[in-house]
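A quick write-up on the structure given underneath.
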Amino acid sequence: MARVASAPDRTVWVLGDQLNRSFAALAAASPATHRVLMVESRAKVASKSWHIQRAHLVICAMRRFARELAADGWQVDYRRADSLVAGLREHRAEFAPAAVEVMEPASWSALRMVRANDCTVVRGNQFLCHYDEFAAWKSDWLTGRKTFKMEDFYRWQRRRLGYLMDGDQPVSGVWNHDAENREPPPKNAAGRWPAPLTDEPDELDHEVIAELRPHCIGDDPRGLWATTRAGALRRLRHFVDDLLPEFGPHEDAMTTQSWHLAHSLLSPYLNIGLLTPAEVCDAVQKAFDDGRVPVASAEGFIRQVIGWREYVWGLYWEGMPDYADMNALNADRPLPPLFTTGETSMRCMSTVMSEIRQHGWAHHIQRLMLIGNLSLTAGIDPRSLTDWMWANFVDGAEWVMVPNVIGMSQYADGGIMATKPYASGGAYVHKMSDYCKGCRYDRAKRTGDDACPFTTLYWDFMMRHQDRFVRNPRVAQQVRAAQRLGDIDAVREHAVTVLRRLDNGEL
């Protein structure tokens, strides 16, 4: 008589941003001993007005990953439940596993949830620096020092991981090539950078789009964002081979001629597990070793991954749960209509809002120096902005958006993360983009109906917070410059008009 294999008596729970077989809990399991649980939460889908490309990416990637595991012999219990907890309870009621093992979730609330529901939490390996290691490094670093910066953490990461190193020193002789990577967009940018890869939507794509369309915002997915590991790996190869050599010089530039420039567009895959930070950085290191990529481009990209991304991750875990609600500047203005409609005469803002609607994405300078800058100088509530960005970007996640918005963009943590507020007038936008050409507003004017809102609000912001920032060595000079402006009273009066028009959707 044929021997009947026993059913797995344990469960490994794979969350929607842990879609990789090398991740801790799944890597330690096997089809013989573990059944896989995956849960689509209706409550999560209903929790925000998600950009449809964000929701589609996660749900399609989850369903495809479940299919791949099943094809390889895993017993997969894929559930659509009212909530994650409800899905877990239903699974336990049906299968009565001896234990449910799950890798540490990426959010503070999810970690609390799995612990409260008797799951065995496995130490995560989705990042190159665990948040415990970050806390230990910070504690050691601050022994005898008063401050720590992302650059300090980045150099420590470079040394311990070995990227772009010659022994204990950077291979190029300098740690940071940022000064070489701040060029404005070239005059003839159209067609300069290869178009992103796309995949033809299939039956599953259309099925998920139909399910999400009544509840979501933004343009429908058109195959831009990969929902399989194979697709993500193709995009990694495309970036390294075709875009990385051009990445560095214009990484801070903004142009109407290209929404993507030479940016990798890989962050969504890193954030849900279709790619790992090690394999991405290894590919960049190899391209540099092979002489295919200049050091400034290789270093600029690796700094974003092992420096900024992991620094943000560490700060998130260090500060939660209180960090998400910090509001040091007491900003309380509601999100203005243009964040929903995209309609504004500000050419820079209308461009970026249109691109977000189309693709669910904008690059880091658009996020910081357009969306973040307007929100900061207008005094928009930082938690509302955090939630908006979380919902509207394909790479959005709480751990991503809380530090980047609360700390870096809005200075709402009072300077824990950033040493200065990232506020600027229209001059910066003009320097780093082609947006000002043809705009109805004049970047050089502070007052008048055609004055650039960025310029007006910048000077008003410095005066509003002069008592705080005049003591900050990084912006004290700008505060004093504002105080010396001969028309500062008129500027501040005009700022009231600008903010009223912003609130009314008339800007």
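Quick note on naming: the chains in the structure tokens go A, B, ... in the order shown, residues restart at 1 in each chain, and ligands are numbered from 1 in order of appearance.
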
Shell around region 448-450 of chain A at 12 Å using only C-alpha atoms, local window under 3 positions removed, as JSON, numbers by chain:
{"A": [345, 346, 439, 440, 441, 442, 443, 444, 445, 453, 454, 455, 456, 487, 490, 491, 492, 493, 494, 495, 497, 498, 501, 506, 507]}

Where does DSSP see helix (DSSP H, G or I) in region 328-358 of chain A, if you list the residues as a ChimeraX atom specification?
/A:338-341,347-358

Expected file contents, prior selection, N, CA and C atoms, as a CSV table (one decimal), in the first residue's frame:
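Contents of out-v2.csv, as written:
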chain,number,residue,atom,x,y,z
A,338,LEU,N,-5.5,70.6,-4.3
A,338,LEU,CA,-4.6,70.2,-5.4
A,338,LEU,C,-4.1,68.8,-5.2
A,339,PHE,N,-4.0,68.3,-3.9
A,339,PHE,CA,-3.5,67.0,-3.6
A,339,PHE,C,-4.5,65.9,-4.1
A,340,THR,N,-5.7,66.3,-4.2
A,340,THR,CA,-6.7,65.4,-4.7
A,340,THR,C,-7.0,65.6,-6.2
A,341,THR,N,-7.1,66.8,-6.6
A,341,THR,CA,-7.5,67.1,-8.0
A,341,THR,C,-6.3,67.2,-8.9
A,347,ARG,N,3.2,75.2,-12.4
A,347,ARG,CA,3.5,74.2,-13.4
A,347,ARG,C,4.3,73.1,-12.7
A,348,CYS,N,5.1,73.3,-11.8
A,348,CYS,CA,5.9,72.3,-11.1
A,348,CYS,C,5.0,71.3,-10.4
A,349,MET,N,4.0,71.8,-9.6
A,349,MET,CA,3.1,71.0,-8.9
A,349,MET,C,2.1,70.3,-9.8
A,350,SER,N,1.6,70.9,-10.8
A,350,SER,CA,0.7,70.2,-11.7
A,350,SER,C,1.4,69.1,-12.4
A,351,THR,N,2.7,69.3,-12.8
A,351,THR,CA,3.4,68.2,-13.4
A,351,THR,C,3.6,67.0,-12.5
A,352,VAL,N,4.1,67.3,-11.3
A,352,VAL,CA,4.3,66.1,-10.4
A,352,VAL,C,3.0,65.4,-10.0
A,353,MET,N,2.0,66.2,-9.8
A,353,MET,CA,0.7,65.5,-9.5
A,353,MET,C,0.2,64.7,-10.6
A,354,SER,N,0.4,65.2,-11.8
A,354,SER,CA,-0.1,64.4,-13.0
A,354,SER,C,0.7,63.1,-13.1
A,355,GLU,N,2.0,63.2,-12.9
A,355,GLU,CA,2.9,62.0,-12.9
A,355,GLU,C,2.5,61.0,-11.9
A,356,ILE,N,2.2,61.5,-10.7
A,356,ILE,CA,1.7,60.6,-9.6
A,356,ILE,C,0.4,59.9,-10.0
A,357,ARG,N,-0.5,60.6,-10.6
A,357,ARG,CA,-1.8,60.0,-11.0
A,357,ARG,C,-1.5,58.9,-12.1
A,358,GLN,N,-0.6,59.2,-13.0
A,358,GLN,CA,-0.3,58.3,-14.1
A,358,GLN,C,0.5,57.0,-13.6

Who sits within 8 Å of Trp50 (chain A), only C-alpha atoms, same chain under 3 positions skipped, as a PDB file with N, CA and C atoms, in the first residue's frame:
ATOM      1  N   VAL A  45      -7.378  47.168   2.556  1.00  0.00           N
ATOM      2  CA  VAL A  45      -7.739  47.786   1.278  1.00  0.00           C
ATOM      3  C   VAL A  45      -8.653  48.985   1.506  1.00  0.00           C
ATOM      4  N   ARG A  54      -0.609  51.064  -6.544  1.00  0.00           N
ATOM      5  CA  ARG A  54      -0.030  50.568  -5.289  1.00  0.00           C
ATOM      6  C   ARG A  54      -0.747  49.296  -4.830  1.00  0.00           C
ATOM      7  N   ALA A  55      -2.076  49.359  -4.762  1.00  0.00           N
ATOM      8  CA  ALA A  55      -2.845  48.205  -4.298  1.00  0.00           C
ATOM      9  C   ALA A  55      -2.711  47.032  -5.259  1.00  0.00           C
ATOM     10  N   HIS A 215     -12.756  51.354  -5.481  1.00  0.00           N
ATOM     11  CA  HIS A 215     -12.293  51.873  -4.200  1.00  0.00           C
ATOM     12  C   HIS A 215     -11.016  52.700  -4.301  1.00  0.00           C
ATOM     13  N   CYS A 216     -10.382  52.714  -5.456  1.00  0.00           N
ATOM     14  CA  CYS A 216      -9.038  53.291  -5.572  1.00  0.00           C
ATOM     15  C   CYS A 216      -9.023  54.526  -6.462  1.00  0.00           C
ATOM     16  N   ILE A 217      -7.895  55.215  -6.431  1.00  0.00           N
ATOM     17  CA  ILE A 217      -7.691  56.424  -7.220  1.00  0.00           C
ATOM     18  C   ILE A 217      -6.545  56.196  -8.199  1.00  0.00           C
ATOM     19  N   ALA A 391      -0.416  56.403   0.762  1.00  0.00           N
ATOM     20  CA  ALA A 391      -1.461  55.851  -0.098  1.00  0.00           C
ATOM     21  C   ALA A 391      -1.184  56.048  -1.577  1.00  0.00           C
ATOM     22  N   ASN A 392      -0.424  57.077  -1.949  1.00  0.00           N
ATOM     23  CA  ASN A 392      -0.320  57.467  -3.357  1.00  0.00           C
ATOM     24  C   ASN A 392       0.923  56.959  -4.072  1.00  0.00           C
TER      25      ASN A 392
END

How close does each residue of region 351-463 of chain A get to region 16-19 of chain A, giving the shortest atom pair and distance in Å to one decimal for every residue with an atom at most 12 Å away, counting only C-alpha atoms, sorted by chain and residue number, as a Markdown table?
| residue | atom | partner | partner_atom | distance |
| --- | --- | --- | --- | --- |
| A:Asp395 | CA | A:Asp17 | CA | 10.6 |
| A:Gly396 | CA | A:Asp17 | CA | 11.0 |
| A:Ala397 | CA | A:Asp17 | CA | 9.4 |
| A:Glu398 | CA | A:Asp17 | CA | 11.8 |
| A:Trp399 | CA | A:Asp17 | CA | 11.9 |

I'd like the neighbourhood of Leu204 (chain A) as a compact mmCIF listing (two decimals) with C-alpha atoms, in the first residue's frame, where a residue qualifies if any of its atoms comes within 12 Å (using only C-alpha atoms), though same-chain residues fewer than 5 positions away should be ignored.
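part-v8.txt, freshly written:
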# COMPACT_ATOMS: atom_id res chain seq x y z
CA HIS A 56 -2.60 46.26 -7.56
CA LEU A 57 1.15 45.75 -7.13
CA ILE A 59 -2.28 42.07 -4.32
CA CYS A 60 -1.10 40.75 -7.69
CA ALA A 61 2.36 40.03 -6.29
CA MET A 62 0.84 38.15 -3.34
CA ARG A 63 -1.39 36.01 -5.55
CA ARG A 64 1.40 35.22 -7.99
CA ARG A 67 0.80 30.29 -7.07
CA ILE A 209 -7.99 45.96 -11.40
CA ALA A 210 -11.72 45.27 -11.67
CA GLU A 211 -11.86 44.42 -7.96
CA GLY A 223 2.26 46.75 -16.88
CA THR A 227 4.38 41.72 -9.86

For a quick check of understanding, using only C-alpha atoms, which of A:His465, A:Met103, A:Leu142, A:Val39 has the smallest distance to Arg123 (chain A)?
A:Met103

List every residue of region 63-174 of chain A that has an atom at most 9 Å from any atom of region 30-34 of chain A, giving for each one its closest atom pair and the distance in Å to one decimal, counting only C-alpha atoms, sorted by chain and then by ascending residue number, as a tab-separated table.
residue	atom	partner	partner_atom	distance
A:Asp72	CA	A:Pro31	CA	8.8
A:Gly73	CA	A:Pro31	CA	6.4
A:Trp74	CA	A:Pro31	CA	4.8
A:Gln75	CA	A:Pro31	CA	6.9
A:Pro97	CA	A:His34	CA	8.9

Who sits within 10 Å of Cys129 (chain A), only C-alpha atoms, same chain under 6 positions skipped, as number ranges by chain:
A: 135, 137, 157, 161, 306, 310-311, 313-314

Give me, as CSV, the closest atom pair and its distance (Å, one decimal) for every residue of region 312-392 of chain A within a cut-off of 10 Å of region 414-435 of chain A, counting only C-alpha atoms, rows sorted by chain and rising number.
residue,atom,partner,partner_atom,distance
A:Val312,CA,A:Met417,CA,8.9
A:Leu315,CA,A:Met417,CA,8.1
A:Gly319,CA,A:Ile416,CA,9.9
A:Met326,CA,A:Gly414,CA,8.4
A:Asn327,CA,A:Gly414,CA,7.8
A:Ala328,CA,A:Gly414,CA,5.1
A:Leu329,CA,A:Gly414,CA,7.5
A:Met346,CA,A:Tyr435,CA,8.8
A:Arg347,CA,A:Tyr435,CA,5.9
A:Cys348,CA,A:Tyr435,CA,5.1
A:Met349,CA,A:Tyr435,CA,8.9
A:Ser350,CA,A:Tyr435,CA,9.7
A:Thr351,CA,A:Tyr435,CA,8.0
A:Val352,CA,A:Tyr435,CA,10.0
A:Ile365,CA,A:Met432,CA,9.3
A:Gln366,CA,A:Val429,CA,9.7
A:Leu368,CA,A:Tyr422,CA,7.5
A:Met369,CA,A:Tyr422,CA,7.2
A:Leu370,CA,A:Val429,CA,8.0
A:Gly372,CA,A:Tyr422,CA,8.1
A:Asn373,CA,A:Ala423,CA,5.4
A:Leu374,CA,A:Ala423,CA,8.1
A:Ser375,CA,A:Ala423,CA,9.5
A:Leu376,CA,A:Ala423,CA,7.0
A:Thr377,CA,A:Ala423,CA,6.7

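If you measure from each of A:Arg10, A:Arg42, A:Arg367, A:Trp156 to Asp168 (chain A) using only C-alpha atoms, the closest one turns out to be A:Trp156.
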
If we count only C-alpha atoms, what is near Leu244 (chain A) at a cut-off of 10 Å, once residues fewer than 2 positions away on the same chain are taken out, given as a compact mmCIF listing (two decimals) with C-alpha atoms, in the first residue's frame?
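See part19.txt below for the written result:
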# COMPACT_ATOMS: atom_id res chain seq x y z
CA ARG A 237 19.22 44.16 -15.12
CA HIS A 238 17.73 46.94 -17.26
CA PHE A 239 18.66 49.55 -14.67
CA VAL A 240 22.23 48.34 -14.21
CA ASP A 241 22.91 47.82 -17.91
CA ASP A 242 21.06 50.75 -19.47
CA GLU A 246 23.66 57.94 -16.36
CA PHE A 247 22.11 57.80 -12.89
CA GLY A 248 24.46 59.99 -10.88
CA ALA A 262 17.73 57.44 -14.94
CA HIS A 263 16.10 56.45 -11.66
CA SER A 264 15.99 52.74 -10.95
CA VAL A 284 25.87 47.63 -8.95
CA ALA A 287 29.02 46.74 -12.88
CA PHE A 288 31.52 49.10 -11.27
CA ARG A 292 30.74 49.73 -16.89
CA VAL A 293 29.67 52.38 -14.39
CA PRO A 294 31.43 55.53 -13.12
CA SER A 297 26.80 56.84 -10.19
CA ALA A 298 27.58 53.59 -8.37
CA GLY A 300 25.17 57.61 -5.39
CA PHE A 301 22.90 54.63 -5.85

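Backbone DSSP over region 171-351 of chain A yields strand (DSSP E or B) at Ile217, Met254, Thr255, Ser258 and Arg333 of chain A.
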
Filtering to N, CA and C atoms, could you give me those residues as a short mmCIF file (atom, residue, chain, number, x, y, z; two decimals), in the first residue's frame?
data_model
loop_
_atom_site.label_atom_id
_atom_site.label_comp_id
_atom_site.auth_asym_id
_atom_site.auth_seq_id
_atom_site.Cartn_x
_atom_site.Cartn_y
_atom_site.Cartn_z
N ILE A 217 -7.89 55.22 -6.43
CA ILE A 217 -7.69 56.42 -7.22
C ILE A 217 -6.54 56.20 -8.20
N MET A 254 14.83 67.63 -12.29
CA MET A 254 13.40 67.45 -12.58
C MET A 254 13.14 68.05 -13.96
N THR A 255 12.37 67.34 -14.77
CA THR A 255 12.11 67.84 -16.12
C THR A 255 10.77 67.36 -16.63
N SER A 258 10.91 64.02 -19.08
CA SER A 258 11.03 62.63 -18.65
C SER A 258 10.59 62.52 -17.21
N ARG A 333 -2.68 72.82 8.91
CA ARG A 333 -3.51 73.10 7.73
C ARG A 333 -3.92 71.78 7.07
#

Suppose you want the space between CA of Ala71 (chain A) and CA of Thr228 (chain A); what is it in Å?
14.3 Å

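Proximity ranking of A:Pro245, A:Arg303, A:Leu265, A:Pro170 relative to Pro196 (chain A) places A:Leu265 first, based on only C-alpha atoms.
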